[in-house]
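Undergrad: Let me begin by handing over the structure; questions about it come next.
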Amino acid sequence: MLPKGKILPLALVGAGITAIVIFVSAVVVISWFSNPPFGLGNAPPQPIAFPHTVHAGPVAQGGMGIQCEFCHRNVTKGAAATVPAVEQCLFCHKTATGGAGTPQAAEIAKIQSSFDANTPIDWERVHRLPDHVRFVHEAHVRFFTQGTTLETQLPVGEVCSKCHGDVASMTEVQPKQGQSLKMGTCLDCHRQNSVPTDCTICHQ
Amino acid sequence: MATERVNHKWGMVIDLDRCTGCQACVVACHAENNVPINTQDRFLQHRAYEWIRIERYWEGEFPNVKARFLPVLCQHCENAPCEPVCPVYATYHNDQGLNVQIYNRCVGTRYCINNCPYQVRFFNWWEPQWPATLRNQLNPDVTVRSRGIMEKCTFCIQRLRRGELTVERQEGGRLDDKTMQERNFGPACVSACPTNALMFGDQRDPKSAISPYFADANEHVHEEDRKTRAYRLLEEMNTKPNVIYLKKVDQYPLKLKQGEQNG
């Protein structure tokens, strides 16, 4: 039997320990199932407020309907999808300056000044894989666009959205919308399409 | 568009008659695979990394002496002693006959190093460092192994995969000896060898230069029965390596004193 005066402090200690345990397990559970944990790593601030909605969005909704591979040119050629060169932005933005005094005109002017200063634009990377993963964009795009084992061949834009989500409807590109880009999602897709799942396919 | 996958089984043949011990393969391997630079400290600590090394033997006694060279790399054994001892399956045999090491699975128990009879596995005791001038030289296709990870020769799997991708998937051809030589899809040591002492190819491709040696060595278990000069390192251990050595045939053997043996 506990002495009468000590029940209250003991109950407080017990409640404190329970609260700590619940807090720690909640943190663990949330960070395990949410990706990225607590929204960390979401949409880094970019040097230029580039809206994908205006460029890649469907024409019916006021976009330009530009194909993904028109700007990300290396996506059908090599491992990296690549961000377009400043020069390539100026193909259009030499003339499309957005109208004087508008907020987008100030953003577009940054491209011209970057081109004049001969310095690239420091885009922040949104989708990042660990160093020990080797991902070849070209192979994946080719498999879905030209693969003979598939029932239907997809256009390039739909292949992109399989992993990246519907980027054309994002004003600010958010990571991990289509897929969590964890190894499990890679393996699921490889198994569904009966592609080898040997470790050395990705880890070299 | 060929989507059918060719089932390769890679193998290497090393002709000791042609090897001059120039170490070009060692340099090429270091450059290709992001292998840390071996400093004097590391050598003195016996912890130098060389995925492929040239072992040197002296025959005879000065002045009547000859140097013999033996390039040793991971033998990619079919019966690899390193594989069953790994507690986390970080090293295993893949369907192309390669003994592969998965760096992100490795926990660094070093059991595999202790069980390897060829001493071709290396443990990262430190975080690898390169001088600032060499940092841009690192190969982006190869993982930089961090501290606490085991590493070894991969037969330059990144180059083989690139070859399969471009030659077989994109162009619909076959990754054979000719394409590997002309377009540098074979291992870096093979591309670098000035005397073509190292040969690399597909054992299952009957047209490849290495397949007769493998057929011969697999057919005749005993070395003396073989029709070619093929032999394997430490054959008595039954590790069944995928690397075959061709014996050196010396036209001018050393004149030995009585009682000495020619080794």
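Every chain in the structure tokens has a letter given in the order shown (A, B, ...), and although residue numbers restart at 1 in each chain, ligands are simply numbered from 1 in the order shown.
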Which residues, written as an MDAnalysis selection string, have at least one atom at most 6 Å from Arg232 in chain B, with only C-alpha atoms counted and residues fewer than 2 positions away on the same chain left out?

TA: chainID B and resid 235 244:245

Undergrad: So that I have them on file, write out the residues from the current selection with N, CA and C atoms, as a short mmCIF file (atom, residue, chain, number, x, y, z; two decimals), in the first residue's frame.

TA:
data_model
loop_
_atom_site.label_atom_id
_atom_site.label_comp_id
_atom_site.auth_asym_id
_atom_site.auth_seq_id
_atom_site.Cartn_x
_atom_site.Cartn_y
_atom_site.Cartn_z
N GLU B 235 42.83 -23.48 -58.02
CA GLU B 235 41.77 -24.33 -58.56
C GLU B 235 41.37 -25.42 -57.58
N ILE B 244 39.96 -16.73 -66.12
CA ILE B 244 40.88 -17.80 -66.51
C ILE B 244 42.22 -17.19 -66.85
N TYR B 245 43.29 -17.81 -66.40
CA TYR B 245 44.64 -17.36 -66.74
C TYR B 245 45.23 -18.30 -67.77
#

Undergrad: With 12 Å as the cut-off and only C-alpha atoms counted, what is the closest atom pair between each nearby residue of chain A and chain B? Distances in Å to one decimal, ordered by chain and number, as a Markdown table.

TA:
| residue | atom | partner | partner_atom | distance |
| --- | --- | --- | --- | --- |
| A:Thr76 | CA | B:Gln170 | CA | 11.1 |
| A:Lys77 | CA | B:Gln170 | CA | 10.2 |
| A:Gly78 | CA | B:Thr166 | CA | 10.0 |
| A:Ala79 | CA | B:Asp141 | CA | 9.6 |
| A:Ala80 | CA | B:Pro140 | CA | 11.1 |
| A:Pro130 | CA | B:Thr143 | CA | 9.7 |
| A:Asp131 | CA | B:Thr143 | CA | 6.3 |
| A:His132 | CA | B:Thr143 | CA | 5.1 |
| A:Val133 | CA | B:Thr143 | CA | 7.9 |
| A:Arg134 | CA | B:Asp141 | CA | 7.0 |
| A:Phe135 | CA | B:Asp141 | CA | 9.7 |
| A:Val136 | CA | B:Leu165 | CA | 9.6 |
| A:His137 | CA | B:Leu165 | CA | 11.7 |
| A:Glu138 | CA | B:Leu165 | CA | 9.4 |
| A:Ala139 | CA | B:Leu165 | CA | 7.4 |
| A:His140 | CA | B:Leu165 | CA | 11.0 |
| A:Val141 | CA | B:Gln170 | CA | 11.8 |
| A:Arg142 | CA | B:Gln170 | CA | 8.5 |
| A:Phe143 | CA | B:Thr3 | CA | 8.6 |
| A:Phe144 | CA | B:Thr3 | CA | 11.6 |
| A:Thr145 | CA | B:Met1 | CA | 11.4 |
| A:Gln146 | CA | B:Met1 | CA | 7.8 |
| A:Gly147 | CA | B:Thr3 | CA | 7.1 |
| A:Thr148 | CA | B:Thr3 | CA | 6.9 |
| A:Thr149 | CA | B:Thr3 | CA | 7.6 |
| A:Leu150 | CA | B:Thr3 | CA | 10.6 |
| A:Met183 | CA | B:Asn104 | CA | 11.7 |
| A:Ser194 | CA | B:Glu4 | CA | 11.6 |
| A:Val195 | CA | B:Arg5 | CA | 9.8 |
| A:Pro196 | CA | B:Arg5 | CA | 9.6 |
| A:Thr197 | CA | B:Asn94 | CA | 10.5 |
| A:Asp198 | CA | B:Asn94 | CA | 7.0 |
| A:Cys199 | CA | B:Ile102 | CA | 7.1 |
| A:Thr200 | CA | B:Val100 | CA | 7.4 |
| A:Ile201 | CA | B:Arg161 | CA | 7.8 |
| A:Cys202 | CA | B:Gln158 | CA | 9.7 |
| A:His203 | CA | B:Ile102 | CA | 6.6 |
| A:Gln204 | CA | B:Val142 | CA | 5.9 |

Undergrad: When distances are computed from only C-alpha atoms, which of B:Pro194, B:Pro87, B:Pro81, B:Gly97 shows the smallest separation from Arg121 in chain B?

TA: B:Pro81

Undergrad: Expressed in Å to a single decimal, how great is the separation between CA of Ala117 in chain A and CA of Ala49 in chain A?

TA: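 Atom-to-atom, CA of Ala117 in chain A to CA of Ala49 in chain A, that is 19.5 Å.
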
Undergrad: Could you list, as number ranges by chain, every residue within 10 Å of Gln119 in chain B, counting only C-alpha atoms and ignoring same-chain residues fewer than 2 positions away?

TA: B: 51, 72-74, 112-117, 121-122, 152

Undergrad: List the spatial neighbours of range 136-139 of chain B as a PyMOL selection string - criterion: any atom at most 10 Å away, only C-alpha atoms, same-chain residues fewer than 5 positions off excluded.

TA: chain B and resi 30-35+130-131+144

Undergrad: Filtering to N, CA and C atoms, could you give me those residues as a short mmCIF file (atom, residue, chain, number, x, y, z; two decimals), in the first residue's frame?

TA:
data_model
loop_
_atom_site.label_atom_id
_atom_site.label_comp_id
_atom_site.auth_asym_id
_atom_site.auth_seq_id
_atom_site.Cartn_x
_atom_site.Cartn_y
_atom_site.Cartn_z
N HIS B 30 41.40 2.54 -61.10
CA HIS B 30 41.28 3.60 -60.10
C HIS B 30 40.46 4.76 -60.64
N ALA B 31 40.72 5.12 -61.90
CA ALA B 31 40.03 6.28 -62.47
C ALA B 31 38.56 5.98 -62.72
N GLU B 32 38.27 4.78 -63.17
CA GLU B 32 36.89 4.45 -63.55
C GLU B 32 35.99 4.27 -62.33
N ASN B 33 36.52 3.62 -61.31
CA ASN B 33 35.66 3.15 -60.24
C ASN B 33 35.70 3.96 -58.95
N ASN B 34 36.23 5.18 -59.01
CA ASN B 34 36.29 6.04 -57.84
C ASN B 34 36.99 5.36 -56.66
N VAL B 35 38.08 4.67 -56.95
CA VAL B 35 38.82 4.01 -55.88
C VAL B 35 39.72 5.06 -55.23
N TRP B 130 39.65 12.66 -51.81
CA TRP B 130 40.43 12.94 -53.01
C TRP B 130 40.96 14.36 -52.92
N PRO B 131 42.12 14.62 -53.52
CA PRO B 131 42.57 16.00 -53.59
C PRO B 131 41.58 16.84 -54.39
N VAL B 144 30.23 6.33 -54.69
CA VAL B 144 31.41 6.52 -53.85
C VAL B 144 31.14 5.79 -52.54
#

Undergrad: Excluding His127 in chain A and its own-chain neighbours fewer than 4 positions away, which residues fall within 9 Å of it when counting only C-alpha atoms? Please give them as a VMD selection string.

TA: chain A and resid 164 174 to 176 181

Undergrad: Could you take the residues named above and write them with N, CA and C atoms, as a PDB file, in the first residue's frame?

TA:
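After the write, part26.pdb holds the following:
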ATOM      1  N   HIS A 164       6.418  11.580 -61.245  1.00  0.00           N
ATOM      2  CA  HIS A 164       6.525  12.969 -60.800  1.00  0.00           C
ATOM      3  C   HIS A 164       5.181  13.582 -60.463  1.00  0.00           C
ATOM      4  N   GLN A 174       6.066  20.183 -56.501  1.00  0.00           N
ATOM      5  CA  GLN A 174       6.173  19.502 -55.218  1.00  0.00           C
ATOM      6  C   GLN A 174       6.792  18.130 -55.447  1.00  0.00           C
ATOM      7  N   PRO A 175       7.732  17.735 -54.594  1.00  0.00           N
ATOM      8  CA  PRO A 175       8.317  16.407 -54.769  1.00  0.00           C
ATOM      9  C   PRO A 175       7.373  15.318 -54.288  1.00  0.00           C
ATOM     10  N   LYS A 176       7.603  14.116 -54.799  1.00  0.00           N
ATOM     11  CA  LYS A 176       6.944  12.902 -54.301  1.00  0.00           C
ATOM     12  C   LYS A 176       5.425  12.980 -54.363  1.00  0.00           C
ATOM     13  N   LEU A 181       9.037   7.648 -54.353  1.00  0.00           N
ATOM     14  CA  LEU A 181      10.433   7.480 -54.783  1.00  0.00           C
ATOM     15  C   LEU A 181      11.246   6.697 -53.766  1.00  0.00           C
TER      16      LEU A 181
END

Undergrad: List as an MDAnalysis selection string the protein and nucleic acid residues near Asp202 in chain B, meaning an atom at most 10 Å away when only C-alpha atoms are counted, but skip any in the same chain fewer than 6 places from it.

TA: chainID B and resid 7:12 96:97 175:177 208:211

Undergrad: Those selected residues, please, written with N, CA, C and O atoms and delivered as a short mmCIF file (atom, residue, chain, number, x, y, z; two decimals), in the first residue's frame.

TA:
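The result, written out as result-v1.cif:
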data_model
loop_
_atom_site.label_atom_id
_atom_site.label_comp_id
_atom_site.auth_asym_id
_atom_site.auth_seq_id
_atom_site.Cartn_x
_atom_site.Cartn_y
_atom_site.Cartn_z
N ASN B 7 20.72 -13.27 -72.27
CA ASN B 7 21.22 -13.79 -71.01
C ASN B 7 22.73 -13.95 -71.09
O ASN B 7 23.23 -14.96 -71.59
N HIS B 8 23.45 -12.95 -70.61
CA HIS B 8 24.90 -13.00 -70.69
C HIS B 8 25.47 -13.77 -69.52
O HIS B 8 24.85 -13.92 -68.48
N LYS B 9 26.71 -14.24 -69.70
CA LYS B 9 27.49 -14.74 -68.57
C LYS B 9 28.92 -14.25 -68.83
O LYS B 9 29.58 -14.75 -69.73
N TRP B 10 29.31 -13.26 -68.07
CA TRP B 10 30.58 -12.59 -68.36
C TRP B 10 31.75 -13.41 -67.87
O TRP B 10 31.64 -14.16 -66.89
N GLY B 11 32.87 -13.25 -68.53
CA GLY B 11 34.08 -13.94 -68.12
C GLY B 11 35.30 -13.21 -68.62
O GLY B 11 35.21 -12.43 -69.58
N MET B 12 36.43 -13.44 -67.98
CA MET B 12 37.65 -12.77 -68.39
C MET B 12 38.76 -13.79 -68.57
O MET B 12 38.81 -14.79 -67.85
N GLN B 96 24.10 -12.89 -64.31
CA GLN B 96 25.10 -12.73 -65.37
C GLN B 96 26.45 -13.30 -64.95
O GLN B 96 27.46 -13.01 -65.57
N GLY B 97 26.45 -14.08 -63.89
CA GLY B 97 27.69 -14.70 -63.44
C GLY B 97 28.61 -13.76 -62.71
O GLY B 97 29.80 -14.04 -62.57
N LEU B 175 25.45 -7.19 -77.44
CA LEU B 175 26.69 -6.70 -76.86
C LEU B 175 27.75 -7.79 -76.98
O LEU B 175 27.83 -8.68 -76.14
N ASP B 176 28.52 -7.76 -78.06
CA ASP B 176 29.52 -8.81 -78.27
C ASP B 176 30.92 -8.21 -78.18
O ASP B 176 31.10 -7.03 -77.87
N ASP B 177 31.92 -9.04 -78.47
CA ASP B 177 33.32 -8.62 -78.35
C ASP B 177 33.60 -7.34 -79.13
O ASP B 177 34.26 -6.43 -78.64
N SER B 208 32.57 -15.43 -79.11
CA SER B 208 33.47 -14.57 -78.35
C SER B 208 34.85 -15.22 -78.21
O SER B 208 34.99 -16.44 -78.28
N ALA B 209 35.87 -14.37 -78.02
CA ALA B 209 37.25 -14.86 -77.99
C ALA B 209 37.53 -15.68 -76.76
O ALA B 209 38.44 -16.50 -76.73
N ILE B 210 36.76 -15.48 -75.71
CA ILE B 210 37.07 -16.17 -74.45
C ILE B 210 36.36 -17.51 -74.33
O ILE B 210 36.78 -18.36 -73.55
N SER B 211 35.29 -17.73 -75.10
CA SER B 211 34.48 -18.93 -74.85
C SER B 211 35.23 -20.24 -75.08
O SER B 211 34.97 -21.20 -74.35
#

Undergrad: So which residues touch Ala105 in chain A within 12 Å, counting only C-alpha atoms, skipping near sequence neighbours fewer than 2 positions away, as a list of chain:residue names?

TA: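 So the residues in contact are A:Ile48, A:Ala49, A:Phe50, A:His93, A:Lys94, A:Thr95, A:Ala96, A:Thr97, A:Gly98, A:Gly99, A:Ala100, A:Gly101, A:Thr102, A:Pro103, A:Glu107, A:Ile108, A:Ala109, A:Lys110, A:Ile111, A:Gln112.
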
Undergrad: Grab the CA of Leu10 in chain A to CA of Val24 in chain A distance for me, in Å with one decimal place.

TA: 21.2 Å

Undergrad: For the strand (DSSP E or B) assignment from backbone DSSP, which residues of range 20-246 of chain B qualify? Please present them as a ChimeraX atom specification.

TA: /B:53-61,64-72,91-93,99-101,121-123,150-152,198-202,230-231,243-246
